[in-house]
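Shown next: entry_16.txt, containing compact mmCIF, N, CA and C atoms.
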```txt
# COMPACT_ATOMS: atom_id res chain seq x y z
N GLN A 946 140.55 70.73 238.65
CA GLN A 946 140.32 72.15 238.89
C GLN A 946 139.52 72.74 237.72
N VAL A 947 138.58 73.59 238.02
CA VAL A 947 137.77 74.26 237.03
C VAL A 947 138.30 75.68 236.85
N GLN A 948 138.50 76.07 235.60
CA GLN A 948 138.93 77.43 235.29
C GLN A 948 137.74 78.21 234.74
N LEU A 949 137.67 79.48 235.09
CA LEU A 949 136.55 80.33 234.70
C LEU A 949 137.08 81.59 234.04
N VAL A 950 136.44 81.97 232.94
CA VAL A 950 136.81 83.20 232.24
C VAL A 950 135.55 84.01 231.98
N GLU A 951 135.48 85.20 232.58
CA GLU A 951 134.34 86.09 232.39
C GLU A 951 134.56 87.01 231.20
N SER A 952 133.46 87.45 230.62
CA SER A 952 133.50 88.46 229.56
C SER A 952 132.17 89.18 229.53
N GLY A 953 132.15 90.28 228.80
CA GLY A 953 130.91 91.01 228.61
C GLY A 953 130.79 92.31 229.37
N GLY A 954 131.72 92.58 230.28
CA GLY A 954 131.67 93.84 231.00
C GLY A 954 131.92 95.01 230.06
N ASP A 955 131.33 96.15 230.41
CA ASP A 955 131.44 97.31 229.52
C ASP A 955 130.98 98.55 230.26
N LEU A 956 131.11 99.69 229.59
CA LEU A 956 130.54 100.94 230.05
C LEU A 956 129.16 101.07 229.41
N VAL A 957 128.15 101.30 230.25
CA VAL A 957 126.78 101.38 229.76
C VAL A 957 126.07 102.52 230.48
N GLN A 958 125.11 103.11 229.80
CA GLN A 958 124.35 104.20 230.41
C GLN A 958 123.29 103.66 231.37
N PRO A 959 122.89 104.47 232.34
CA PRO A 959 121.81 104.03 233.23
C PRO A 959 120.57 103.65 232.43
N GLY A 960 119.94 102.55 232.83
CA GLY A 960 118.78 102.03 232.11
C GLY A 960 119.15 101.03 231.03
N GLY A 961 120.43 100.91 230.75
CA GLY A 961 120.87 100.00 229.70
C GLY A 961 120.96 98.55 230.17
N SER A 962 121.42 97.70 229.26
CA SER A 962 121.51 96.26 229.52
C SER A 962 122.88 95.74 229.14
N LEU A 963 123.27 94.67 229.81
CA LEU A 963 124.49 93.94 229.48
C LEU A 963 124.25 92.47 229.75
N ARG A 964 124.97 91.63 229.03
CA ARG A 964 124.96 90.20 229.32
C ARG A 964 126.39 89.76 229.59
N LEU A 965 126.63 89.27 230.78
CA LEU A 965 127.93 88.73 231.15
C LEU A 965 127.96 87.23 230.87
N SER A 966 129.13 86.77 230.48
CA SER A 966 129.33 85.34 230.24
C SER A 966 130.48 84.83 231.08
N CYS A 967 130.38 83.57 231.46
CA CYS A 967 131.44 82.91 232.23
C CYS A 967 131.65 81.53 231.61
N ALA A 968 132.77 81.38 230.93
CA ALA A 968 133.08 80.10 230.28
C ALA A 968 133.91 79.25 231.23
N ALA A 969 133.45 78.04 231.46
CA ALA A 969 134.15 77.12 232.36
C ALA A 969 134.89 76.05 231.56
N SER A 970 136.04 75.67 232.05
CA SER A 970 136.78 74.56 231.46
C SER A 970 137.22 73.64 232.59
N GLY A 971 137.38 72.37 232.25
CA GLY A 971 137.70 71.38 233.26
C GLY A 971 136.49 70.49 233.50
N VAL A 972 136.62 69.65 234.49
CA VAL A 972 135.57 68.67 234.78
C VAL A 972 134.55 69.30 235.73
N ILE A 973 133.31 69.36 235.26
CA ILE A 973 132.23 69.92 236.05
C ILE A 973 131.55 68.80 236.84
N SER A 974 131.42 69.00 238.12
CA SER A 974 130.77 68.00 238.96
C SER A 974 129.29 67.89 238.64
N SER A 975 128.69 66.78 239.01
CA SER A 975 127.25 66.62 238.80
C SER A 975 126.46 67.43 239.82
N ILE A 976 127.08 67.76 240.92
CA ILE A 976 126.44 68.58 241.96
C ILE A 976 127.32 69.81 242.21
N TYR A 977 126.79 70.96 241.91
CA TYR A 977 127.59 72.18 242.03
C TYR A 977 126.69 73.38 242.12
N SER A 978 127.26 74.51 242.45
CA SER A 978 126.58 75.79 242.29
C SER A 978 127.52 76.74 241.56
N MET A 979 126.94 77.59 240.76
CA MET A 979 127.70 78.64 240.09
C MET A 979 127.00 79.96 240.34
N GLY A 980 127.79 80.97 240.48
CA GLY A 980 127.18 82.25 240.80
C GLY A 980 127.96 83.43 240.28
N TRP A 981 127.31 84.56 240.32
CA TRP A 981 127.92 85.85 240.02
C TRP A 981 128.00 86.66 241.29
N TYR A 982 129.18 87.18 241.54
CA TYR A 982 129.42 88.08 242.66
C TYR A 982 129.93 89.40 242.09
N ARG A 983 129.87 90.43 242.89
CA ARG A 983 130.43 91.71 242.45
C ARG A 983 131.10 92.41 243.63
N GLN A 984 132.07 93.23 243.25
CA GLN A 984 132.78 94.00 244.26
C GLN A 984 133.01 95.41 243.76
N ALA A 985 132.41 96.34 244.45
CA ALA A 985 132.59 97.76 244.13
C ALA A 985 133.78 98.29 244.93
N PRO A 986 134.37 99.40 244.49
CA PRO A 986 135.51 99.96 245.22
C PRO A 986 135.21 100.20 246.68
N GLU A 987 136.11 99.74 247.52
CA GLU A 987 136.02 99.91 248.97
C GLU A 987 134.81 99.20 249.59
N LYS A 988 134.28 98.23 248.89
CA LYS A 988 133.17 97.44 249.43
C LYS A 988 133.54 95.96 249.38
N GLU A 989 132.85 95.18 250.18
CA GLU A 989 133.09 93.75 250.19
C GLU A 989 132.42 93.09 248.97
N ARG A 990 132.96 91.95 248.60
CA ARG A 990 132.36 91.18 247.51
C ARG A 990 131.00 90.65 247.98
N GLU A 991 130.01 90.73 247.10
CA GLU A 991 128.67 90.31 247.46
C GLU A 991 128.07 89.42 246.37
N LEU A 992 127.20 88.53 246.82
CA LEU A 992 126.51 87.66 245.88
C LEU A 992 125.48 88.45 245.09
N VAL A 993 125.44 88.23 243.79
CA VAL A 993 124.42 88.84 242.94
C VAL A 993 123.36 87.80 242.59
N ALA A 994 123.80 86.65 242.11
CA ALA A 994 122.87 85.60 241.71
C ALA A 994 123.60 84.27 241.72
N GLN A 995 122.84 83.22 241.99
CA GLN A 995 123.42 81.88 242.07
C GLN A 995 122.48 80.88 241.43
N LEU A 996 123.06 79.85 240.80
CA LEU A 996 122.30 78.81 240.13
C LEU A 996 122.94 77.47 240.48
N THR A 997 122.13 76.54 240.99
CA THR A 997 122.68 75.24 241.36
C THR A 997 122.49 74.25 240.22
N SER A 998 123.15 73.11 240.35
CA SER A 998 123.01 72.06 239.35
C SER A 998 121.60 71.51 239.30
N PHE A 999 120.82 71.75 240.36
CA PHE A 999 119.43 71.31 240.39
C PHE A 999 118.48 72.35 239.78
N GLY A 1000 119.04 73.46 239.37
CA GLY A 1000 118.22 74.49 238.73
C GLY A 1000 117.65 75.52 239.69
N LEU A 1001 118.07 75.49 240.93
CA LEU A 1001 117.58 76.47 241.90
C LEU A 1001 118.34 77.78 241.76
N THR A 1002 117.62 78.87 241.81
CA THR A 1002 118.24 80.19 241.67
C THR A 1002 118.05 81.02 242.93
N THR A 1003 119.02 81.84 243.18
CA THR A 1003 118.98 82.79 244.29
C THR A 1003 119.44 84.14 243.76
N TYR A 1004 118.75 85.19 244.15
CA TYR A 1004 119.11 86.54 243.73
C TYR A 1004 119.24 87.45 244.95
N ALA A 1005 120.19 88.35 244.86
CA ALA A 1005 120.25 89.42 245.84
C ALA A 1005 119.02 90.31 245.65
N ASP A 1006 118.59 90.95 246.70
CA ASP A 1006 117.42 91.83 246.60
C ASP A 1006 117.64 92.90 245.54
N SER A 1007 118.86 93.38 245.42
CA SER A 1007 119.17 94.44 244.45
C SER A 1007 119.07 93.95 243.02
N ALA A 1008 119.12 92.64 242.82
CA ALA A 1008 119.10 92.06 241.47
C ALA A 1008 117.72 91.55 241.05
N LYS A 1009 116.88 91.32 242.01
CA LYS A 1009 115.56 90.74 241.71
C LYS A 1009 114.77 91.62 240.77
N GLY A 1010 114.23 91.00 239.73
CA GLY A 1010 113.41 91.72 238.77
C GLY A 1010 114.19 92.41 237.67
N ARG A 1011 115.51 92.48 237.83
CA ARG A 1011 116.32 93.15 236.81
C ARG A 1011 117.35 92.21 236.18
N PHE A 1012 117.89 91.29 236.97
CA PHE A 1012 118.94 90.40 236.50
C PHE A 1012 118.39 88.97 236.38
N THR A 1013 118.93 88.23 235.41
CA THR A 1013 118.55 86.84 235.23
C THR A 1013 119.81 85.99 235.04
N ILE A 1014 119.95 84.97 235.85
CA ILE A 1014 121.08 84.04 235.72
C ILE A 1014 120.61 82.82 234.94
N SER A 1015 121.48 82.34 234.05
CA SER A 1015 121.15 81.16 233.26
C SER A 1015 122.43 80.45 232.87
N ARG A 1016 122.29 79.29 232.27
CA ARG A 1016 123.47 78.53 231.85
C ARG A 1016 123.17 77.76 230.58
N ASP A 1017 124.23 77.46 229.87
CA ASP A 1017 124.18 76.59 228.70
C ASP A 1017 125.11 75.43 229.03
N ASN A 1018 124.53 74.28 229.38
CA ASN A 1018 125.35 73.15 229.82
C ASN A 1018 126.26 72.64 228.71
N ALA A 1019 125.77 72.66 227.48
CA ALA A 1019 126.57 72.16 226.36
C ALA A 1019 127.82 73.02 226.16
N LYS A 1020 127.69 74.31 226.39
CA LYS A 1020 128.82 75.23 226.22
C LYS A 1020 129.58 75.44 227.52
N LYS A 1021 129.08 74.86 228.62
CA LYS A 1021 129.68 75.05 229.94
C LYS A 1021 129.84 76.54 230.22
N THR A 1022 128.79 77.27 229.97
CA THR A 1022 128.84 78.73 230.12
C THR A 1022 127.69 79.21 231.00
N LEU A 1023 128.02 80.10 231.89
CA LEU A 1023 127.05 80.74 232.78
C LEU A 1023 126.84 82.17 232.29
N TYR A 1024 125.61 82.64 232.37
CA TYR A 1024 125.29 83.99 231.91
C TYR A 1024 124.63 84.80 233.03
N LEU A 1025 124.76 86.10 232.90
CA LEU A 1025 124.01 87.01 233.74
C LEU A 1025 123.47 88.12 232.85
N GLN A 1026 122.17 88.09 232.61
CA GLN A 1026 121.52 89.17 231.86
C GLN A 1026 121.13 90.26 232.84
N MET A 1027 121.63 91.45 232.58
CA MET A 1027 121.38 92.58 233.47
C MET A 1027 120.64 93.65 232.72
N ASN A 1028 119.46 93.98 233.18
CA ASN A 1028 118.62 95.02 232.58
C ASN A 1028 118.41 96.16 233.56
N SER A 1029 117.96 97.27 233.05
CA SER A 1029 117.66 98.45 233.88
C SER A 1029 118.83 98.76 234.82
N LEU A 1030 120.00 98.81 234.25
CA LEU A 1030 121.20 99.01 235.06
C LEU A 1030 121.22 100.38 235.72
N LYS A 1031 121.78 100.41 236.93
CA LYS A 1031 121.85 101.63 237.72
C LYS A 1031 123.32 101.93 238.03
N PRO A 1032 123.64 103.18 238.31
CA PRO A 1032 125.03 103.51 238.67
C PRO A 1032 125.55 102.65 239.83
N GLU A 1033 124.69 102.30 240.75
CA GLU A 1033 125.12 101.49 241.90
C GLU A 1033 125.43 100.03 241.52
N ASP A 1034 125.17 99.66 240.28
CA ASP A 1034 125.58 98.33 239.80
C ASP A 1034 127.04 98.31 239.35
N THR A 1035 127.66 99.46 239.32
CA THR A 1035 129.06 99.55 238.92
C THR A 1035 129.95 98.74 239.86
N ALA A 1036 130.70 97.81 239.29
CA ALA A 1036 131.55 96.93 240.10
C ALA A 1036 132.32 96.00 239.17
N VAL A 1037 133.26 95.28 239.74
CA VAL A 1037 133.87 94.15 239.04
C VAL A 1037 133.01 92.93 239.35
N TYR A 1038 132.59 92.24 238.31
CA TYR A 1038 131.74 91.08 238.46
C TYR A 1038 132.58 89.81 238.30
N TYR A 1039 132.43 88.92 239.27
CA TYR A 1039 133.19 87.68 239.30
C TYR A 1039 132.28 86.47 239.18
N CYS A 1040 132.75 85.48 238.48
CA CYS A 1040 132.06 84.20 238.37
C CYS A 1040 132.68 83.24 239.39
N ASN A 1041 131.83 82.42 239.97
CA ASN A 1041 132.29 81.44 240.96
C ASN A 1041 131.68 80.09 240.67
N TYR A 1042 132.52 79.05 240.83
CA TYR A 1042 132.07 77.67 240.72
C TYR A 1042 132.42 76.97 242.02
N ARG A 1043 131.45 76.23 242.57
CA ARG A 1043 131.67 75.59 243.85
C ARG A 1043 131.10 74.17 243.84
N SER A 1044 131.94 73.23 244.24
CA SER A 1044 131.49 71.85 244.43
C SER A 1044 132.16 71.34 245.69
N THR A 1045 131.96 70.08 246.00
CA THR A 1045 132.56 69.54 247.22
C THR A 1045 134.09 69.54 247.14
N MET A 1046 134.62 69.50 245.95
CA MET A 1046 136.08 69.41 245.78
C MET A 1046 136.70 70.66 245.20
N ASN A 1047 135.92 71.68 244.93
CA ASN A 1047 136.45 72.79 244.15
C ASN A 1047 135.76 74.09 244.52
N ASN A 1048 136.53 75.16 244.56
CA ASN A 1048 135.98 76.50 244.73
C ASN A 1048 136.82 77.43 243.86
N SER A 1049 136.31 77.75 242.66
CA SER A 1049 137.08 78.51 241.68
C SER A 1049 136.46 79.87 241.41
N TRP A 1050 137.34 80.83 241.12
CA TRP A 1050 136.91 82.19 240.78
C TRP A 1050 137.52 82.59 239.44
N GLY A 1051 136.80 83.38 238.70
CA GLY A 1051 137.34 83.98 237.50
C GLY A 1051 138.11 85.24 237.84
N GLN A 1052 138.63 85.88 236.81
CA GLN A 1052 139.46 87.07 237.02
C GLN A 1052 138.64 88.34 237.14
N GLY A 1053 137.37 88.27 236.79
CA GLY A 1053 136.48 89.41 236.91
C GLY A 1053 136.33 90.19 235.62
N THR A 1054 135.20 90.86 235.48
CA THR A 1054 134.95 91.74 234.34
C THR A 1054 134.30 93.01 234.86
N GLN A 1055 134.77 94.14 234.36
CA GLN A 1055 134.33 95.44 234.88
C GLN A 1055 133.02 95.88 234.23
N VAL A 1056 132.08 96.23 235.07
CA VAL A 1056 130.82 96.83 234.61
C VAL A 1056 130.75 98.24 235.18
N THR A 1057 130.61 99.20 234.29
CA THR A 1057 130.49 100.60 234.71
C THR A 1057 129.20 101.17 234.15
N VAL A 1058 128.37 101.68 235.04
CA VAL A 1058 127.10 102.28 234.64
C VAL A 1058 127.18 103.77 234.91
N SER A 1059 127.24 104.54 233.84
CA SER A 1059 127.44 105.98 233.97
C SER A 1059 126.96 106.67 232.71
N SER A 1060 126.47 107.89 232.89
CA SER A 1060 126.08 108.69 231.74
C SER A 1060 127.23 109.59 231.32
```

If you convert what's in this file into structure tokens, what do you get?
Amino acid sequence: QVQLVESGGDLVQPGGSLRLSCAASGVISSIYSMGWYRQAPEKERELVAQLTSFGLTTYADSAKGRFTISRDNAKKTLYLQMNSLKPEDTAVYYCNYRSTMNNSWGQGTQVTVSS
């Protein structure tokens, strides 16, 4: 089983930036995808960005051009750089790891964009 711990959420003003981190522990498969999802109050959880073990990335339309997903394999850490933040980006952000044998979620980190 893979455990995930997110960090980096904060209160930030519109137009600001944040970098979220997701530290993984356990055995990482050679074939996997990791992603960032978010859930705003009274809304369903939605995909923000995804990165596969092959290096393929997927972004939600709302994230394109503003957010960048990356990873540090040596540190087993996934990142989400978020720029030009908007109030509508306010949500709990969750990290996800998925392989053929595993589907793990972190506990989430709160991002609030407000002046």

Item to check | Contacts of range 971-983 of chain A within 6.5 Å, all atoms listed in the file, excl. fewer than 5 positions in-chain, as a VMD selection string | outcome: chain A and resid 946 to 948 989 to 999 1036 to 1045

Take the residues from that selection and put them in a file with N, CA and C atoms, as a CSV table (one decimal), in the frame of the given file.
```
chain,number,residue,atom,x,y,z
A,946,GLN,N,140.6,70.7,238.6
A,946,GLN,CA,140.3,72.2,238.9
A,946,GLN,C,139.5,72.7,237.7
A,947,VAL,N,138.6,73.6,238.0
A,947,VAL,CA,137.8,74.3,237.0
A,947,VAL,C,138.3,75.7,236.8
A,948,GLN,N,138.5,76.1,235.6
A,948,GLN,CA,138.9,77.4,235.3
A,948,GLN,C,137.7,78.2,234.7
A,989,GLU,N,132.8,95.2,250.2
A,989,GLU,CA,133.1,93.8,250.2
A,989,GLU,C,132.4,93.1,249.0
A,990,ARG,N,133.0,92.0,248.6
A,990,ARG,CA,132.4,91.2,247.5
A,990,ARG,C,131.0,90.6,248.0
A,991,GLU,N,130.0,90.7,247.1
A,991,GLU,CA,128.7,90.3,247.5
A,991,GLU,C,128.1,89.4,246.4
A,992,LEU,N,127.2,88.5,246.8
A,992,LEU,CA,126.5,87.7,245.9
A,992,LEU,C,125.5,88.4,245.1
A,993,VAL,N,125.4,88.2,243.8
A,993,VAL,CA,124.4,88.8,242.9
A,993,VAL,C,123.4,87.8,242.6
A,994,ALA,N,123.8,86.6,242.1
A,994,ALA,CA,122.9,85.6,241.7
A,994,ALA,C,123.6,84.3,241.7
A,995,GLN,N,122.8,83.2,242.0
A,995,GLN,CA,123.4,81.9,242.1
A,995,GLN,C,122.5,80.9,241.4
A,996,LEU,N,123.1,79.8,240.8
A,996,LEU,CA,122.3,78.8,240.1
A,996,LEU,C,122.9,77.5,240.5
A,997,THR,N,122.1,76.5,241.0
A,997,THR,CA,122.7,75.2,241.4
A,997,THR,C,122.5,74.2,240.2
A,998,SER,N,123.2,73.1,240.4
A,998,SER,CA,123.0,72.1,239.4
A,998,SER,C,121.6,71.5,239.3
A,999,PHE,N,120.8,71.8,240.4
A,999,PHE,CA,119.4,71.3,240.4
A,999,PHE,C,118.5,72.4,239.8
A,1036,ALA,N,130.7,97.8,239.3
A,1036,ALA,CA,131.6,96.9,240.1
A,1036,ALA,C,132.3,96.0,239.2
A,1037,VAL,N,133.3,95.3,239.7
A,1037,VAL,CA,133.9,94.2,239.0
A,1037,VAL,C,133.0,92.9,239.4
A,1038,TYR,N,132.6,92.2,238.3
A,1038,TYR,CA,131.7,91.1,238.5
A,1038,TYR,C,132.6,89.8,238.3
A,1039,TYR,N,132.4,88.9,239.3
A,1039,TYR,CA,133.2,87.7,239.3
A,1039,TYR,C,132.3,86.5,239.2
A,1040,CYS,N,132.8,85.5,238.5
A,1040,CYS,CA,132.1,84.2,238.4
A,1040,CYS,C,132.7,83.2,239.4
A,1041,ASN,N,131.8,82.4,240.0
A,1041,ASN,CA,132.3,81.4,241.0
A,1041,ASN,C,131.7,80.1,240.7
A,1042,TYR,N,132.5,79.0,240.8
A,1042,TYR,CA,132.1,77.7,240.7
A,1042,TYR,C,132.4,77.0,242.0
A,1043,ARG,N,131.4,76.2,242.6
A,1043,ARG,CA,131.7,75.6,243.8
A,1043,ARG,C,131.1,74.2,243.8
A,1044,SER,N,131.9,73.2,244.2
A,1044,SER,CA,131.5,71.8,244.4
A,1044,SER,C,132.2,71.3,245.7
A,1045,THR,N,132.0,70.1,246.0
A,1045,THR,CA,132.6,69.5,247.2
A,1045,THR,C,134.1,69.5,247.1
```

Checklist entry - Using only N, CA and C atoms, which of the listed residues (A:Gln984, A:Thr1054, A:Leu1030, A:Asn1047) sits closest to Val957 in chain A? => result A:Leu1030

Checklist entry - How would you write, as a PyMOL selection string, the set of residues in range 972-1031 of chain A that DSSP gives as strand (DSSP E)? => result chain A and resi 978-984+991-997+1002-1004+1012-1017+1022-1027

Checklist entry - Neighbours of Ala968 in chain A within 7 Å (only N, CA and C atoms; same-chain residues fewer than 5 positions away dropped), as a PyMOL selection string? => result chain A and resi 948-952+1020-1023

For N, CA and C atoms, I'd like the residues from the last selection saved as a PDB file, keeping the file's coordinate frame.
```pdb
ATOM      1  N   GLN A 948     138.500  76.070 235.600  1.00  0.00           N
ATOM      2  CA  GLN A 948     138.930  77.430 235.290  1.00  0.00           C
ATOM      3  C   GLN A 948     137.740  78.210 234.740  1.00  0.00           C
ATOM      4  N   LEU A 949     137.670  79.480 235.090  1.00  0.00           N
ATOM      5  CA  LEU A 949     136.550  80.330 234.700  1.00  0.00           C
ATOM      6  C   LEU A 949     137.080  81.590 234.040  1.00  0.00           C
ATOM      7  N   VAL A 950     136.440  81.970 232.940  1.00  0.00           N
ATOM      8  CA  VAL A 950     136.810  83.200 232.240  1.00  0.00           C
ATOM      9  C   VAL A 950     135.550  84.010 231.980  1.00  0.00           C
ATOM     10  N   GLU A 951     135.480  85.200 232.580  1.00  0.00           N
ATOM     11  CA  GLU A 951     134.340  86.090 232.390  1.00  0.00           C
ATOM     12  C   GLU A 951     134.560  87.010 231.200  1.00  0.00           C
ATOM     13  N   SER A 952     133.460  87.450 230.620  1.00  0.00           N
ATOM     14  CA  SER A 952     133.500  88.460 229.560  1.00  0.00           C
ATOM     15  C   SER A 952     132.170  89.180 229.530  1.00  0.00           C
ATOM     16  N   LYS A1020     127.690  74.310 226.390  1.00  0.00           N
ATOM     17  CA  LYS A1020     128.820  75.230 226.220  1.00  0.00           C
ATOM     18  C   LYS A1020     129.580  75.440 227.520  1.00  0.00           C
ATOM     19  N   LYS A1021     129.080  74.860 228.620  1.00  0.00           N
ATOM     20  CA  LYS A1021     129.680  75.050 229.940  1.00  0.00           C
ATOM     21  C   LYS A1021     129.840  76.540 230.220  1.00  0.00           C
ATOM     22  N   THR A1022     128.790  77.270 229.970  1.00  0.00           N
ATOM     23  CA  THR A1022     128.840  78.730 230.120  1.00  0.00           C
ATOM     24  C   THR A1022     127.690  79.210 231.000  1.00  0.00           C
ATOM     25  N   LEU A1023     128.020  80.100 231.890  1.00  0.00           N
ATOM     26  CA  LEU A1023     127.050  80.740 232.780  1.00  0.00           C
ATOM     27  C   LEU A1023     126.840  82.170 232.290  1.00  0.00           C
TER      28      LEU A1023
END
```

Checklist entry - Of the candidates A:Gln1055, A:Ser1029, A:Gly1000, A:Gln958, which shows the shortest atom-to-atom distance to Arg1016 in chain A, using only C-alpha atoms? => result A:Gly1000

Checklist entry - Can you tell me, as a ChimeraX atom specification, which residues sit within 8 Å of (121.8, 89.2, 235.4) in the file's frame, using all atoms listed in the file? => result /A:963-965,993-994,1008,1011-1015,1024-1028

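Atom pair CA of Lys988 in chain A / atom N of Gly1010 in chain A has a distance of 22.2 Å (rounded to one decimal).
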